[in-house]
Amino acid sequence: MRSMDPGPPRTGPRNDLRTLRTLLPYLWPAGEPGLRIRVLVAMVLLALAKITNVGVPIFYKLAVDALSTGAAQILAVPVALLVGYGLARVMAQTFGELRDAVFAKVAQRAIRQAGLKAFKHLHRLSLRFHMDRKTGGVSRAIERGTKGIEFLLTFMLFNIIPTLLEIGLVCAVLWNLYGVWFALVIFVTMAAYITWTLTITEWRIKFRRIMNETDSEANTKAIDSLLNFETVKYFGNEEHEANRFDASLRGYERAAVKSKTTLSYLNIGQGAIIAIGVTLSMLMAGAGVVGGTMTIGDFVLVNAYLIQLFLPLNFLGFVYREIKRSLTDMETMFELMEENAEVKDSPGAKPLAMGGGEVVFENVSFAYDSRRPVLKDVSFAVRPGQSVAIVGQSGAGKSTISRLLFRFYDVTGGRVLIDGQDIRDVTQKSVRAAIGMVPQDTVLFNDTIYYNIAYGQPGATPSEIEDAARLARIHDFIMSLPDGYSSTVGERGLKLSGGEKQRVAIARTILKNPRIMLFDEATSALDSHTEQEILASLKEVSAERTTLTIAHRLSTVIEADEILVLDAGRIVERGHHAALLDQGGIYAGMWARQQEAQQAIATLEKTGELLAPKEDLDGAPGEPAE
């Protein structure tokens, strides 16, 4: 897989054209005749604005010539010309503003559609992609990409292209009025100005690239550090995190200083080219006035055109650099949107036809990396309403089974069936809708408790949400909080204790009302008291549902209908708790070790040498969990 760098290292004419081609469908949207009409009207208004703008200095010239005659004071002609000059300026601005107003909906729709498409695509990508990428860098790429579209539309369509059109019109007017030499001086001056600006700016872009890269790096480090705030505090590594962040900021600082310094070279060159062009034009116009071939108005006209052309070009270096940056950021976002979705619905896939909820793993093999198999020829069945537990040492492949069932990955061998249907032949959405998950590490959204429970079924009514909370045995705790269901849980649910978070997770899974329940080490991080309460809730929730439990603590699965012992990716033992103990194999050894550990802890607690951790529902959001 390609690694995605949110910085701008890979632009070139070919990539820029490809990026622009990718953008065009958003500007000429299929099935939206209203937006297409807006694009055409905006282009007409753009042309009218520039034609009118080119005509403004001509009115100025005629008025100056009229005022230069002795009888000008008693004539209405200069007044009419000056009024015409004013009207032309107003009309040029009006056409420009109308163009922006008409095109605004097209531009904002393009930005919205591109951002939405990228966001949806990120959710379609596999778990492997998100585990390999840094969230801060990916979100920054989308943010920059959408901003890049806005900048490109604003400046390239309505600044660069109109300015080039205006240069062509001005050269044509000067050629027609005064001959080829005036037009040639203007054209050469403009060409030299643009060439110098683009050349120096292209050289300066490398510093901007470094700035972007170090900015993304600093942003990623900051997000990662703040998300792991507690870990930083546990190890007292605030200074270490500050140094890592500062290393990226120092790189940004160096590149920013070079960028600002080289800007002076650009401005000096631009000023020299403008001065030479203006001087030559004024000398030629002055000579024409002295020789009688040109009037004072002609002299003013040439000067007005030069000023009119150079004003928008003053920002050419900035605009060009930002357009290149925008193209780069858009290229990064569009490449992200082209990233291959590893797990896809097969053509013509239909929704899962849900029956009793039978789950079958049939000779399943899987490897995250082909060089290291994780599961090897695993076969088992969970009948409707049955409870099956999978146990084993860390790294045995237990959690991989849950990921395959949810189809975060596709098996590399064998099949996974739900009610007799290969999950690769049905839609992913329908498979995931049939399964309820209570994970080991419950991560909540930084929103209210109500929102987090309602996430199981966003359209649920308040009474349904409260019923789910009651079944999860958390309603009373929620009602004891000052803000009740409106209490916020904090980033990743950090304002709640482990037991409280698990109950919220159980409540939202109850609300989802799935036929199949999957518990992935749902109590492994809890103390024994809280664990027993959560287990009671899970038992009540999973009654008459197909249940698959992945566990490390064997005491949590002794009532399972069948226990599968996984070792090095293979099922090495299976049976009831008592039968497995009688076998005296791996399961029996794990049970003995865990019992010894629990007895040792109980002894220490009894002698007062160890204070057992307590985790209950007495805490409140914003208070440290006990």
# chains A, B, ... in the order shown; residues from 1 in each chain; ligands from 1

call {"tool": "residues_around", "arguments": {"residues": "stretch 159-161 of chain A", "least_positions_apart": "2", "cutoff": "9 Å", "atoms": "only C-alpha atoms", "output": "PyMOL selection string"}}
result
chain A and resi 154-157+163-166+312-313+316+319-320

call {"tool": "residues_around", "arguments": {"residues": "stretch 560-570 of chain A", "least_positions_apart": "6", "cutoff": "12 Å", "atoms": "only C-alpha atoms", "output": "ChimeraX atom specification"}}
result
/A:363-367,372-401,539,542-543,546-552,554,576-581,585-591

call {"tool": "residues_around", "arguments": {"residues": "stretch 348-350 of chain A", "least_positions_apart": "3", "cutoff": "8 Å", "atoms": "only C-alpha atoms", "output": "PyMOL selection string"}}
result
chain A and resi 345+425-427

call {"tool": "residues_around", "arguments": {"residues": "A:Leu404", "least_positions_apart": "5", "cutoff": "10 Å", "atoms": "only C-alpha atoms", "output": "list in words"}}
result
Phe361, Val364, Phe366, Ser399, Tyr409, Asp410, Val411, Arg415, Val416 and Ile423 of chain A

call {"tool": "write_last_selection", "arguments": {"atoms": "N, CA, C and O atoms", "output": "tab-separated table (two decimals), in the first residue's frame"}}
result
chain	number	residue	atom	x	y	z
A	361	PHE	N	-17.73	-20.84	11.38
A	361	PHE	CA	-16.40	-20.65	10.80
A	361	PHE	C	-16.01	-22.00	10.19
A	361	PHE	O	-15.92	-23.01	10.91
A	364	VAL	N	-11.37	-21.81	8.42
A	364	VAL	CA	-10.92	-20.44	8.21
A	364	VAL	C	-9.42	-20.30	8.49
A	364	VAL	O	-8.92	-20.74	9.53
A	366	PHE	N	-6.28	-17.17	8.11
A	366	PHE	CA	-6.12	-15.74	7.90
A	366	PHE	C	-4.73	-15.30	8.33
A	366	PHE	O	-4.15	-15.84	9.28
A	399	SER	N	-9.02	-12.12	19.04
A	399	SER	CA	-9.66	-10.89	18.55
A	399	SER	C	-9.76	-10.88	17.03
A	399	SER	O	-10.65	-10.23	16.47
A	409	TYR	N	-11.85	-7.59	7.81
A	409	TYR	CA	-10.92	-8.22	6.88
A	409	TYR	C	-11.66	-9.40	6.24
A	409	TYR	O	-12.62	-9.93	6.81
A	410	ASP	N	-11.20	-9.82	5.07
A	410	ASP	CA	-11.71	-11.03	4.45
A	410	ASP	C	-10.77	-12.18	4.73
A	410	ASP	O	-9.54	-12.01	4.76
A	411	VAL	N	-11.35	-13.36	4.94
A	411	VAL	CA	-10.52	-14.54	5.22
A	411	VAL	C	-9.64	-14.84	4.02
A	411	VAL	O	-10.00	-14.57	2.88
A	415	ARG	N	-14.42	-20.14	4.93
A	415	ARG	CA	-15.60	-19.28	4.86
A	415	ARG	C	-16.11	-18.93	6.27
A	415	ARG	O	-15.91	-19.70	7.20
A	416	VAL	N	-16.75	-17.77	6.35
A	416	VAL	CA	-17.49	-17.39	7.55
A	416	VAL	C	-18.95	-17.27	7.13
A	416	VAL	O	-19.28	-16.53	6.19
A	423	ILE	N	-20.51	-14.43	4.34
A	423	ILE	CA	-20.63	-12.99	4.57
A	423	ILE	C	-19.95	-12.17	3.47
A	423	ILE	O	-20.20	-10.97	3.36

call {"tool": "closest_residue", "arguments": {"among": "A:Leu122, A:Val83, A:Ile453, A:Ala285", "to": "A:Glu342", "atoms": "only C-alpha atoms"}}
result
A:Leu122

call {"tool": "atom_distance", "arguments": {"atom1": "atom CA of A:Phe59", "atom2": "atom CA of A:Ile307"}}
result
15.7 Å

call {"tool": "residues_around", "arguments": {"residues": "A:Gly297", "least_positions_apart": "5", "cutoff": "12 Å", "atoms": "only C-alpha atoms", "output": "number ranges by chain"}}
result
A: 57-69, 285-286, 288-289, 302-304

call {"tool": "select_by_dssp", "arguments": {"residues": "stretch 464-611 of chain A", "states": "helix (DSSP H, G or I)", "output": "NGL selection string"}}
result
:A and (464-471 or 475-480 or 484-486 or 491-493 or 498-512 or 528-541 or 554-556 or 577-583 or 586-607)

call {"tool": "residues_around", "arguments": {"residues": "stretch 100-114 of chain A", "least_positions_apart": "3", "cutoff": "7 Å", "atoms": "only C-alpha atoms", "output": "PyMOL selection string"}}
result
chain A and resi 26-27+35+38-39+42+96-97+117-118+146+149-150+153

call {"tool": "write_last_selection", "arguments": {"atoms": "N, CA, C and O atoms", "output": "short mmCIF file (atom, residue, chain, number, x, y, z; two decimals), in the first residue's frame"}}
result
data_model
loop_
_atom_site.label_atom_id
_atom_site.label_comp_id
_atom_site.auth_asym_id
_atom_site.auth_seq_id
_atom_site.Cartn_x
_atom_site.Cartn_y
_atom_site.Cartn_z
N TYR A 26 -17.03 17.99 -10.33
CA TYR A 26 -17.68 18.69 -9.23
C TYR A 26 -18.17 20.07 -9.67
O TYR A 26 -19.11 20.61 -9.10
N LEU A 27 -17.50 20.66 -10.69
CA LEU A 27 -17.89 21.98 -11.19
C LEU A 27 -18.94 21.89 -12.28
O LEU A 27 -19.58 22.89 -12.62
N LEU A 35 -27.16 23.98 -11.52
CA LEU A 35 -25.77 24.36 -11.25
C LEU A 35 -24.99 24.58 -12.54
O LEU A 35 -24.14 25.47 -12.63
N ARG A 38 -25.70 27.94 -13.80
CA ARG A 38 -24.96 28.92 -13.00
C ARG A 38 -23.52 29.06 -13.49
O ARG A 38 -22.97 30.16 -13.54
N VAL A 39 -22.89 27.94 -13.86
CA VAL A 39 -21.52 27.98 -14.36
C VAL A 39 -21.46 28.80 -15.65
O VAL A 39 -20.58 29.66 -15.82
N ALA A 42 -21.99 32.49 -14.96
CA ALA A 42 -20.81 33.06 -14.30
C ALA A 42 -19.71 33.34 -15.33
O ALA A 42 -19.03 34.38 -15.25
N GLY A 96 -18.59 41.66 -11.94
CA GLY A 96 -17.71 40.80 -11.14
C GLY A 96 -18.41 40.27 -9.90
O GLY A 96 -18.30 39.09 -9.56
N GLU A 97 -19.15 41.14 -9.21
CA GLU A 97 -19.86 40.71 -8.00
C GLU A 97 -20.99 39.74 -8.33
O GLU A 97 -21.22 38.75 -7.60
N LYS A 117 -17.45 13.07 0.05
CA LYS A 117 -17.01 11.85 -0.64
C LYS A 117 -15.75 11.29 0.01
O LYS A 117 -15.62 10.07 0.22
N ALA A 118 -14.81 12.18 0.38
CA ALA A 118 -13.59 11.73 1.04
C ALA A 118 -13.90 11.13 2.40
O ALA A 118 -13.34 10.08 2.78
N THR A 146 -10.09 20.33 0.92
CA THR A 146 -11.31 21.10 0.72
C THR A 146 -11.02 22.60 0.67
O THR A 146 -11.61 23.33 -0.13
N ILE A 149 -9.64 23.43 -2.76
CA ILE A 149 -10.66 23.59 -3.80
C ILE A 149 -11.22 25.01 -3.77
O ILE A 149 -11.36 25.66 -4.82
N GLU A 150 -11.52 25.50 -2.58
CA GLU A 150 -12.08 26.85 -2.44
C GLU A 150 -11.11 27.89 -2.96
O GLU A 150 -11.48 28.80 -3.70
N LEU A 153 -10.75 27.72 -6.88
CA LEU A 153 -11.89 28.27 -7.59
C LEU A 153 -11.91 29.79 -7.47
O LEU A 153 -12.22 30.49 -8.44
#

call {"tool": "closest_residue", "arguments": {"among": "A:Ile142, A:Leu301, A:Phe182, A:Ala191", "to": "A:Val56", "atoms": "only C-alpha atoms"}}
result
A:Leu301

call {"tool": "atom_distance", "arguments": {"atom1": "atom CA of A:Gly357", "atom2": "atom CA of A:Ile435"}}
result
9.1 Å

call {"tool": "residues_around", "arguments": {"residues": "A:Ala49", "least_positions_apart": "2", "cutoff": "7 Å", "atoms": "only C-alpha atoms", "output": "PyMOL selection string"}}
result
chain A and resi 45-47+51-53+92-93+95-96

call {"tool": "select_by_dssp", "arguments": {"residues": "stretch 199-441 of chain A", "states": "strand (DSSP E or B)", "output": "ChimeraX atom specification"}}
result
/A:350,359-366,369,372,375-382,387-391,413-418,421-422,426,435-438
